$ cat data-v1.txt   # compact mmCIF, C-alpha atoms
# COMPACT_ATOMS: atom_id res chain seq x y z
CA MET A 1 -13.75 -43.05 -19.09
CA ASP A 2 -15.79 -43.78 -15.97
CA VAL A 3 -15.64 -40.10 -14.97
CA LYS A 4 -16.65 -39.05 -18.48
CA LYS A 5 -19.54 -41.52 -18.52
CA SER A 6 -20.76 -40.30 -15.10
CA ALA A 7 -20.62 -36.68 -16.24
CA GLN A 8 -22.56 -37.55 -19.38
CA ASN A 9 -25.22 -39.28 -17.29
CA LEU A 10 -25.51 -36.25 -14.97
CA SER A 11 -25.80 -33.84 -17.88
CA GLY A 12 -28.56 -35.94 -19.43
CA ASP A 13 -26.81 -36.61 -22.74
CA ALA A 14 -28.57 -39.60 -24.18
CA ASN A 15 -26.27 -39.59 -27.18
CA PRO A 16 -22.71 -38.45 -26.36
CA GLY A 17 -21.97 -38.10 -30.04
CA GLU A 18 -24.39 -35.17 -30.38
CA GLN A 19 -22.87 -32.66 -28.00
CA ARG A 20 -23.19 -28.92 -28.35
CA PRO A 21 -20.18 -26.97 -29.64
CA MET A 22 -17.42 -26.62 -27.06
CA LEU A 23 -17.86 -22.86 -26.72
CA MET A 24 -20.29 -20.28 -28.09
CA PRO A 25 -19.16 -16.64 -28.42
CA MET A 26 -21.73 -15.29 -25.97
CA GLU A 27 -20.81 -17.96 -23.44
CA LEU A 28 -17.23 -16.72 -23.52
CA VAL A 29 -18.36 -13.09 -23.19
CA CYS A 30 -20.62 -13.83 -20.23
CA GLY A 31 -18.08 -16.14 -18.62
CA VAL A 32 -15.44 -13.37 -18.66
CA PHE A 33 -17.61 -10.27 -18.16
CA TRP A 34 -19.29 -11.20 -14.87
CA PRO A 35 -16.12 -12.39 -13.05
CA THR A 36 -14.28 -9.25 -14.21
CA LEU A 37 -17.17 -7.09 -13.00
CA MET A 38 -17.07 -8.87 -9.64
CA PHE A 39 -13.32 -8.20 -9.42
CA MET A 40 -13.79 -4.49 -10.15
CA TYR A 41 -16.56 -4.20 -7.56
CA ILE A 42 -14.48 -5.80 -4.78
CA PHE A 43 -11.25 -3.97 -5.61
CA ARG A 44 -12.64 -0.50 -6.26
CA THR A 45 -14.92 -0.53 -3.23
CA ASN A 46 -11.94 -1.34 -1.02
CA LEU A 47 -10.17 1.79 -2.28
CA GLY A 48 -13.01 4.15 -1.33
CA TRP A 49 -13.08 6.43 1.70
CA TRP A 50 -15.66 4.12 3.32
CA ARG A 51 -12.97 1.42 3.54
CA HIS A 52 -10.99 3.86 5.70
CA THR A 53 -13.87 4.91 7.92
CA LEU A 54 -16.21 1.89 7.82
CA ALA A 55 -13.83 -1.05 7.63
CA PHE A 56 -16.20 -3.71 9.00
CA GLU A 57 -19.13 -2.69 6.82
CA THR A 58 -16.85 -2.67 3.76
CA PHE A 59 -15.64 -6.16 4.67
CA LEU A 60 -19.24 -7.40 4.74
CA ALA A 61 -20.07 -5.76 1.40
CA THR A 62 -16.93 -6.71 -0.55
CA MET A 63 -15.81 -10.03 0.90
CA LEU A 64 -18.54 -11.77 2.85
CA LEU A 65 -21.38 -10.88 0.47
CA PRO A 66 -19.62 -12.14 -2.73
CA ILE A 67 -18.62 -15.36 -0.95
CA LEU A 68 -22.18 -15.99 0.27
CA PHE A 69 -23.52 -15.23 -3.21
CA ASN A 70 -21.15 -17.70 -4.85
CA ILE A 71 -21.92 -20.37 -2.25
CA TRP A 72 -25.62 -20.00 -3.10
CA TYR A 73 -24.83 -20.05 -6.82
CA SER A 74 -22.67 -23.18 -6.41
CA ARG A 75 -25.42 -25.05 -4.58
CA ARG A 76 -27.93 -24.02 -7.23
CA LEU A 77 -25.67 -25.28 -10.04
CA TYR A 78 -25.05 -28.53 -8.18
CA GLY A 79 -28.78 -29.15 -8.03
CA GLN A 80 -29.12 -28.43 -11.76
CA LEU A 81 -26.18 -30.72 -12.50
CA ARG A 82 -27.84 -33.54 -10.56
CA ARG A 83 -31.00 -33.07 -12.65
CA GLY A 84 -28.99 -32.90 -15.89
CA ILE A 85 -30.02 -29.34 -16.80
CA CYS A 86 -26.84 -27.45 -15.91
CA ARG A 87 -25.31 -25.27 -18.62
CA ARG A 88 -21.57 -25.68 -19.05
CA TRP A 89 -20.78 -21.96 -19.20
CA GLN A 90 -22.54 -21.37 -15.88
CA LEU A 91 -20.49 -24.09 -14.24
CA VAL A 92 -17.28 -22.65 -15.69
CA MET A 93 -18.17 -19.13 -14.58
CA ASN A 94 -18.86 -20.36 -11.05
CA VAL A 95 -15.39 -21.89 -10.78
CA VAL A 96 -13.75 -18.77 -12.22
CA LEU A 97 -15.69 -16.60 -9.76
CA TRP A 98 -14.13 -18.40 -6.80
CA PHE A 99 -10.63 -17.60 -8.04
CA VAL A 100 -11.61 -14.01 -8.87
CA ILE A 101 -13.07 -13.34 -5.41
CA LEU A 102 -9.92 -14.63 -3.73
CA TYR A 103 -7.58 -12.69 -6.04
CA ALA A 104 -9.59 -9.47 -5.75
CA SER A 105 -9.68 -9.64 -1.95
CA LEU A 106 -5.92 -10.13 -1.69
CA GLN A 107 -4.96 -7.44 -4.20
CA ALA A 108 -7.47 -4.91 -2.92
CA GLU A 109 -6.16 -5.27 0.63
CA LYS A 110 -2.59 -4.90 -0.64
CA ALA A 111 -3.41 -1.73 -2.60
CA TYR A 112 -5.27 -0.23 0.33
CA ARG A 113 -2.51 -0.84 2.88
CA ARG A 114 0.31 0.22 0.56
CA TYR A 115 -1.20 3.36 -0.93
CA ALA A 116 -4.84 4.26 -0.24
CA ALA A 117 -4.55 4.15 3.56
CA SER A 118 -1.67 6.64 3.50
CA TYR A 119 -3.59 8.91 1.14
CA TYR A 120 -6.63 9.05 3.47
CA ASP A 121 -4.43 9.44 6.55
CA PHE A 122 -2.76 12.52 5.08
CA GLN A 123 -6.15 13.97 4.15
CA GLY A 124 -7.07 13.91 7.83
CA MET A 125 -3.80 15.38 9.13
CA ALA A 126 -2.77 19.02 9.46
CA SER A 127 -0.42 20.94 7.17
CA TYR A 128 1.99 23.56 8.47
CA ILE A 129 4.05 26.17 6.66
CA ASN A 130 7.12 28.23 7.56
CA VAL A 131 8.16 25.91 10.41
CA ASP A 132 11.47 26.92 12.00
CA SER A 133 13.25 23.74 13.09
CA SER A 134 15.72 25.74 15.19
CA LYS A 135 12.98 27.31 17.36
CA ASP A 136 9.91 25.07 17.08
CA ARG A 137 9.49 21.85 19.02
CA GLY A 138 8.08 18.57 17.82
CA GLN A 139 5.34 18.38 20.45
CA THR A 140 3.67 21.39 18.80
CA TYR A 141 3.29 19.50 15.52
CA MET A 142 2.24 16.02 16.65
CA ASP A 143 -0.73 16.16 14.24
CA ALA A 144 1.38 17.28 11.27
CA GLY A 145 1.11 15.38 8.02
CA GLN A 146 2.76 17.83 5.63
CA VAL A 147 5.28 20.41 6.79
CA TYR A 148 6.86 23.26 4.82
CA PHE A 149 9.96 24.48 6.61
CA LYS A 150 11.37 27.99 6.75
CA GLU A 151 13.55 29.12 3.84
CA GLY A 152 17.14 28.00 4.31
CA THR A 153 16.21 24.78 6.09
CA LYS A 154 18.12 21.73 4.92
CA VAL A 155 19.00 18.19 5.85
CA ASP A 156 22.41 18.06 7.52
CA VAL A 157 23.75 14.91 5.86
CA THR A 158 27.10 15.37 7.63
CA LYS A 159 25.36 14.55 10.93
CA ALA A 160 23.43 11.54 9.64
CA ILE A 161 23.45 8.21 11.41
CA ALA A 162 21.83 4.81 10.83
CA PHE A 163 20.47 1.87 12.79
CA GLN A 164 20.79 -1.54 11.13
CA GLU A 165 18.44 -4.44 11.75
CA ASP A 166 17.19 -6.38 8.72
CA GLN A 167 17.18 -3.03 6.91
CA ILE A 168 19.28 0.11 7.27
CA TYR A 169 17.22 2.87 8.94
CA CYS A 170 18.80 6.22 8.10
CA VAL A 171 18.14 9.50 9.96
CA ALA A 172 19.54 13.01 9.58
CA PRO A 173 18.54 16.22 11.39
CA ILE A 174 16.51 18.88 9.61
CA LEU A 175 18.21 22.17 10.52
CA GLN A 176 17.57 25.81 9.86
CA GLN A 177 20.98 26.72 11.29
CA THR A 178 24.07 24.58 11.35
CA LEU A 179 25.13 22.97 14.61
CA ASP A 180 28.79 23.71 13.91
CA SER A 181 28.75 27.06 15.67
CA GLY A 182 31.15 26.33 18.51
CA GLY A 183 28.79 27.24 21.35
CA ASP A 184 26.70 30.14 22.52
CA LYS A 185 27.43 33.86 22.21
CA SER A 186 30.02 33.67 25.00
CA GLY A 187 31.79 30.87 23.16
CA ALA A 188 30.96 28.25 25.75
CA SER A 189 29.87 24.86 24.56
CA LEU A 190 26.23 24.02 25.33
CA SER A 191 26.37 20.27 24.71
CA GLY A 192 29.71 19.31 26.12
CA ASN A 193 31.30 19.38 22.67
CA ASN A 194 31.91 21.88 19.89
CA LEU A 195 28.29 21.92 18.71
CA LYS A 196 25.59 24.43 19.48
CA ILE A 197 22.15 23.38 20.65
CA PRO A 198 19.42 25.30 18.75
CA ASP A 199 17.15 27.79 20.51
CA SER A 200 14.45 25.15 20.91
CA GLY A 201 16.83 23.11 23.08
CA THR A 202 16.11 19.97 21.10
CA ILE A 203 16.43 18.41 17.63
CA ASP A 204 12.91 17.20 16.86
CA PHE A 205 12.66 17.22 13.05
CA TRP A 206 14.33 14.37 11.17
CA ALA A 207 14.63 13.30 7.55
CA VAL A 208 14.55 9.52 7.30
CA GLY A 209 14.63 6.67 4.82
CA MET A 210 15.41 2.99 4.48
CA ASN A 211 18.50 1.60 2.77
CA CYS A 212 19.49 5.04 1.45
CA CYS A 213 22.75 5.46 3.33
CA ASP A 214 25.71 3.43 4.55
CA PRO A 215 25.34 1.47 7.80
CA SER A 216 27.29 4.26 9.49
CA GLY A 217 24.98 6.97 8.12
CA LEU A 218 27.42 8.27 5.53
CA ASN A 219 26.28 8.93 1.94
CA PHE A 220 22.80 9.89 3.14
CA LYS A 221 20.60 10.14 0.03
CA CYS A 222 17.11 9.60 1.42
CA GLY A 223 14.21 11.29 -0.31
CA GLU A 224 15.20 14.51 -2.06
CA SER A 225 17.88 15.46 0.46
CA THR A 226 20.32 16.17 -2.37
CA SER A 227 17.97 18.67 -4.04
CA PRO A 228 18.58 22.36 -3.17
CA LEU A 229 14.90 23.08 -3.93
CA ALA A 230 13.48 20.70 -1.32
CA ARG A 231 12.52 22.14 2.07
CA ALA A 232 9.40 20.21 3.02
CA GLY A 233 8.50 16.83 4.43
CA ILE A 234 5.66 14.33 4.63
CA ARG A 235 5.23 12.45 7.87
CA VAL A 236 6.28 8.82 8.23
CA LEU A 237 3.07 6.94 9.06
CA ARG A 238 4.24 3.34 9.13
CA ASP A 239 4.08 2.01 12.69
CA ASP A 240 6.49 -0.82 11.91
CA THR A 241 9.40 1.49 10.97
CA ARG A 242 9.11 4.32 13.52
CA PRO A 243 10.67 2.35 16.42
CA PHE A 244 13.80 1.70 14.35
CA PHE A 245 14.11 5.36 13.35
CA LEU A 246 13.71 6.25 17.03
CA MET A 247 16.55 3.91 17.97
CA ALA A 248 18.73 5.59 15.35
CA VAL A 249 17.91 9.00 16.88
CA GLN A 250 18.79 7.67 20.33
CA GLU A 251 22.16 6.59 18.98
CA TRP A 252 22.58 10.07 17.51
CA THR A 253 21.81 11.83 20.82
CA ALA A 254 24.28 9.58 22.65
CA TRP A 255 26.88 10.32 19.98
CA LEU A 256 26.58 14.13 19.87
CA ARG A 257 25.02 14.69 23.32
CA ILE A 258 22.22 16.86 21.94
CA PRO A 259 18.67 16.05 23.08
CA ALA A 260 15.81 14.99 20.83
CA LYS A 261 12.78 15.22 23.11
CA HIS A 262 9.87 14.72 20.68
CA PRO A 263 11.35 13.47 17.38
CA LEU A 264 9.13 13.60 14.30
CA PHE A 265 10.13 11.69 11.18
CA PHE A 266 9.64 12.94 7.64
CA HIS A 267 10.36 11.91 4.08
CA TRP A 268 12.21 14.94 2.70
CA VAL A 269 10.51 16.14 -0.50
CA GLN A 270 10.18 19.19 -2.70
CA ASP A 271 6.38 19.16 -3.00
CA PRO A 272 4.36 17.24 -0.36
CA LEU A 273 1.09 17.70 -2.27
CA ILE A 274 2.44 15.77 -5.25
CA GLN A 275 3.72 13.03 -2.97
CA VAL A 276 0.36 12.62 -1.26
CA GLU A 277 -1.54 12.60 -4.55
CA ASN A 278 0.94 10.03 -5.79
CA PHE A 279 -0.38 7.55 -3.20
CA TRP A 280 -3.83 7.72 -4.82
CA PHE A 281 -2.36 7.54 -8.32
CA LYS A 282 -0.47 4.35 -7.45
CA ALA A 283 -3.58 2.80 -5.88
CA ILE A 284 -5.65 3.49 -9.01
CA GLN A 285 -2.80 2.33 -11.24
CA MET A 286 -2.70 -0.95 -9.33
CA PHE A 287 -6.48 -1.26 -9.75
CA TYR A 288 -6.30 -0.93 -13.55
CA LEU A 289 -3.32 -3.25 -13.92
CA ASP A 290 -4.88 -5.94 -11.75
CA THR A 291 -8.18 -5.58 -13.58
CA LEU A 292 -6.33 -6.26 -16.83
CA ARG A 293 -4.65 -9.30 -15.26
CA CYS A 294 -8.01 -10.50 -14.00
CA PHE A 295 -9.57 -10.12 -17.46
CA MET A 296 -6.76 -12.12 -19.09
CA GLY A 297 -6.82 -14.75 -16.34
CA ALA A 298 -10.62 -15.11 -16.55
CA THR A 299 -10.40 -15.50 -20.32
CA ALA A 300 -7.70 -18.16 -20.09
CA GLY A 301 -9.47 -19.94 -17.25
CA THR A 302 -12.79 -19.92 -19.10
CA LEU A 303 -11.24 -21.45 -22.23
CA ILE A 304 -9.34 -24.11 -20.28
CA LEU A 305 -12.32 -25.11 -18.12
CA HIS A 306 -14.62 -25.26 -21.14
CA TYR A 307 -12.15 -27.60 -22.82
CA ILE A 308 -11.90 -29.80 -19.71
CA PHE A 309 -15.66 -29.99 -19.10
CA TYR A 310 -16.32 -30.53 -22.82
CA ASN A 311 -14.05 -33.57 -22.82
CA LEU A 312 -15.80 -34.84 -19.70
CA GLY A 313 -19.08 -34.63 -21.57
CA VAL A 314 -20.63 -31.82 -19.49
$ encode --input "data-v1.txt" --output "structure tokens"
Amino acid sequence: MDVKKSAQNLSGDANPGEQRPMLMPMELVCGVFWPTLMFMYIFRTNLGWWRHTLAFETFLATMLLPILFNIWYSRRLYGQLRRGICRRWQLVMNVVLWFVILYASLQAEKAYRRYAASYYDFQGMASYINVDSSKDRGQTYMDAGQVYFKEGTKVDVTKAIAFQEDQIYCVAPILQQTLDSGGDKSGASLSGNNLKIPDSGTIDFWAVGMNCCDPSGLNFKCGESTSPLARAGIRVLRDDTRPFFLMAVQEWTAWLRIPAKHPLFFHWVQDPLIQVENFWFKAIQMFYLDTLRCFMGATAGTLILHYIFYNLGV
């Protein structure tokens, strides 16, 4: 009751029994529309190409600027509240805005790192066609993002291996010709075993995946390795997974005594273009879904806060 009386005194209500209605329709519309618009501005701007090329400037425009604006708005409302001229819907909207700014910043960063960053990275990388994994070396394609291999190329799942840490990191060589050839033309083994080293002298192209094979490497089902139509790959860009795939390749070279001098890691797919476009589709899908969640959350928060402040006499 003391809190309610203090709030009534601040709001200038001489007669608490003659309060305005708890919520007017336009107050609800304004209280939901502006926070949702703020959410869309922060989220969508963080998915643009400028987030990829001008990260600091985007941070200033989408995170620092909204926070500074709401700090100014909060101080302004506090002054109005002290003079007893503050409107309840403005106070409610200010509180909702703080939650919206925080939620938008977190979700926008998540969408960018998961999907949009990969999409823009692939846009800036080279595409190669008709790559012969038995003759070409990985060092020639260090800038490759999308690679279409020569007809007949496949993932040799019988030579797959895995490295297990917290996850199972599966690797299998991408081959144009099988290794089970018994040696060179004279019949002599080139690797100290019954396998033939390809003309390139190295195995540099690898299909990889996480948790898509047994810990030993058996039952390799990463990407579209089981599809007879797939003969292309999109580059693995995650810096946190490449060291584990490399350790799996090192185990493979020690096992079969065939070198892998410049290993490149790919997700084996049928159509790389669709896979790359899918990154952008998922980012936009996340934007729309989170905007809907924001709209529903802002509506619920506005109603609840209006009820609370109404009962406090604001």
$ residues_around --input "data-v1.txt" --residues "range 172-178 of chain A" --least-positions-apart "6" --cutoff "8 Å" --atoms "all atoms listed in the file" --output "list in words"
Asp132, Ser133, Ser134, Lys150, Glu151, Gly152, Thr153, Lys154, Val155, Asp156, Val157, Lys159, Ala160, Ile161, Pro198, Ile203, Asp204, Phe205, Trp206, Ala207, Val208 and Phe220 of chain A
$ write_last_selection --input "data-v1.txt" --atoms "C-alpha atoms" --output "PDB file, in the frame of the given file"
ATOM      1  CA  ASP A 132      11.470  26.920  12.000  1.00  0.00           C
ATOM      2  CA  SER A 133      13.250  23.740  13.090  1.00  0.00           C
ATOM      3  CA  SER A 134      15.720  25.740  15.190  1.00  0.00           C
ATOM      4  CA  LYS A 150      11.370  27.990   6.750  1.00  0.00           C
ATOM      5  CA  GLU A 151      13.550  29.120   3.840  1.00  0.00           C
ATOM      6  CA  GLY A 152      17.140  28.000   4.310  1.00  0.00           C
ATOM      7  CA  THR A 153      16.210  24.780   6.090  1.00  0.00           C
ATOM      8  CA  LYS A 154      18.120  21.730   4.920  1.00  0.00           C
ATOM      9  CA  VAL A 155      19.000  18.190   5.850  1.00  0.00           C
ATOM     10  CA  ASP A 156      22.410  18.060   7.520  1.00  0.00           C
ATOM     11  CA  VAL A 157      23.750  14.910   5.860  1.00  0.00           C
ATOM     12  CA  LYS A 159      25.360  14.550  10.930  1.00  0.00           C
ATOM     13  CA  ALA A 160      23.430  11.540   9.640  1.00  0.00           C
ATOM     14  CA  ILE A 161      23.450   8.210  11.410  1.00  0.00           C
ATOM     15  CA  PRO A 198      19.420  25.300  18.750  1.00  0.00           C
ATOM     16  CA  ILE A 203      16.430  18.410  17.630  1.00  0.00           C
ATOM     17  CA  ASP A 204      12.910  17.200  16.860  1.00  0.00           C
ATOM     18  CA  PHE A 205      12.660  17.220  13.050  1.00  0.00           C
ATOM     19  CA  TRP A 206      14.330  14.370  11.170  1.00  0.00           C
ATOM     20  CA  ALA A 207      14.630  13.300   7.550  1.00  0.00           C
ATOM     21  CA  VAL A 208      14.550   9.520   7.300  1.00  0.00           C
ATOM     22  CA  PHE A 220      22.800   9.890   3.140  1.00  0.00           C
TER      23      PHE A 220
END
$ closest_residue --input "data-v1.txt" --among "A:Gln80, A:Ser118, A:Thr53, A:Thr36" --to "Phe281 in chain A" --atoms "all atoms listed in the file"
A:Ser118
$ atom_distance --input "data-v1.txt" --atom1 "CA of Tyr112 in chain A" --atom2 "CA of Ile274 in chain A"
18.6 Å
$ atom_distance --input "data-v1.txt" --atom1 "CA of Tyr73 in chain A" --atom2 "CA of Ala111 in chain A"
28.5 Å
$ atom_distance --input "data-v1.txt" --atom1 "CA of Val32 in chain A" --atom2 "CA of Met93 in chain A"
7.6 Å
$ closest_residue --input "data-v1.txt" --among "A:Leu179, A:Leu81, A:Leu229, A:Met125" --to "Leu195 in chain A" --atoms "all atoms listed in the file"
A:Leu179
$ closest_atom_pairs --input "data-v1.txt" --of "range 57-81 of chain A" --to "range 94-98 of chain A" --cutoff "12 Å" --atoms "all atoms listed in the file" --output "tab-separated table"
residue	atom	partner	partner_atom	distance
A:Met63	CA	A:Trp98	CA	11.5
A:Pro66	CA	A:Leu97	CA	9.2
A:Ile67	CA	A:Trp98	CA	8.0
A:Leu68	CA	A:Trp98	CA	11.0
A:Phe69	CA	A:Leu97	CA	10.3
A:Asn70	CA	A:Asn94	CA	7.1
A:Ile71	CA	A:Trp98	CA	9.2
A:Trp72	CA	A:Asn94	CA	10.4
A:Tyr73	CA	A:Asn94	CA	7.3
A:Ser74	CA	A:Asn94	CA	6.6
A:Arg75	CA	A:Asn94	CA	10.3
A:Arg76	CA	A:Asn94	CA	10.5
A:Leu77	CA	A:Asn94	CA	8.5
A:Tyr78	CA	A:Asn94	CA	10.6
$ closest_residue --input "data-v1.txt" --among "A:Gly145, A:Gly138, A:Gly48, A:Gly201" --to "Gly124 in chain A" --atoms "all atoms listed in the file"
A:Gly145
$ residues_around --input "data-v1.txt" --residues "Ile234 in chain A" --least-positions-apart "5" --cutoff "10 Å" --atoms "all atoms listed in the file" --output "list in words"
Phe122, Ser127, Ala144, Gly145, Gln146, Val147, Tyr148, Ala207, Phe265, Phe266, His267, Trp268, Val269, Gln270, Asp271, Pro272, Leu273, Gln275 and Val276 of chain A
$ closest_residue --input "data-v1.txt" --among "A:Tyr120, A:Val171, A:Thr202, A:Leu65" --to "Tyr41 in chain A" --atoms "only C-alpha atoms"
A:Leu65
$ residues_around --input "data-v1.txt" --residues "Arg113 in chain A" --least-positions-apart "6" --cutoff "12 Å" --atoms "all atoms listed in the file" --output "NGL selection string"
:A and (46-47 or 51-52 or 106-107 or 119-121 or 237-238 or 279-280 or 282-283)
$ closest_residue --input "data-v1.txt" --among "A:Val29, A:Glu57, A:Ile197, A:Met210" --to "Asp166 in chain A" --atoms "only C-alpha atoms"
A:Met210
$ axis_aligned_box --input "data-v1.txt" --around "range 225-228 of chain A" --padding-each-side "5 Å" --output "JSON"
{"center_x": 19.1, "center_y": 18.9, "center_z": -1.8, "size_x": 12.4, "size_y": 16.9, "size_z": 14.5}
$ closest_residue --input "data-v1.txt" --among "A:Phe99, A:Ser105, A:Lys221, A:Arg137" --to "Thr158 in chain A" --atoms "only C-alpha atoms"
A:Lys221
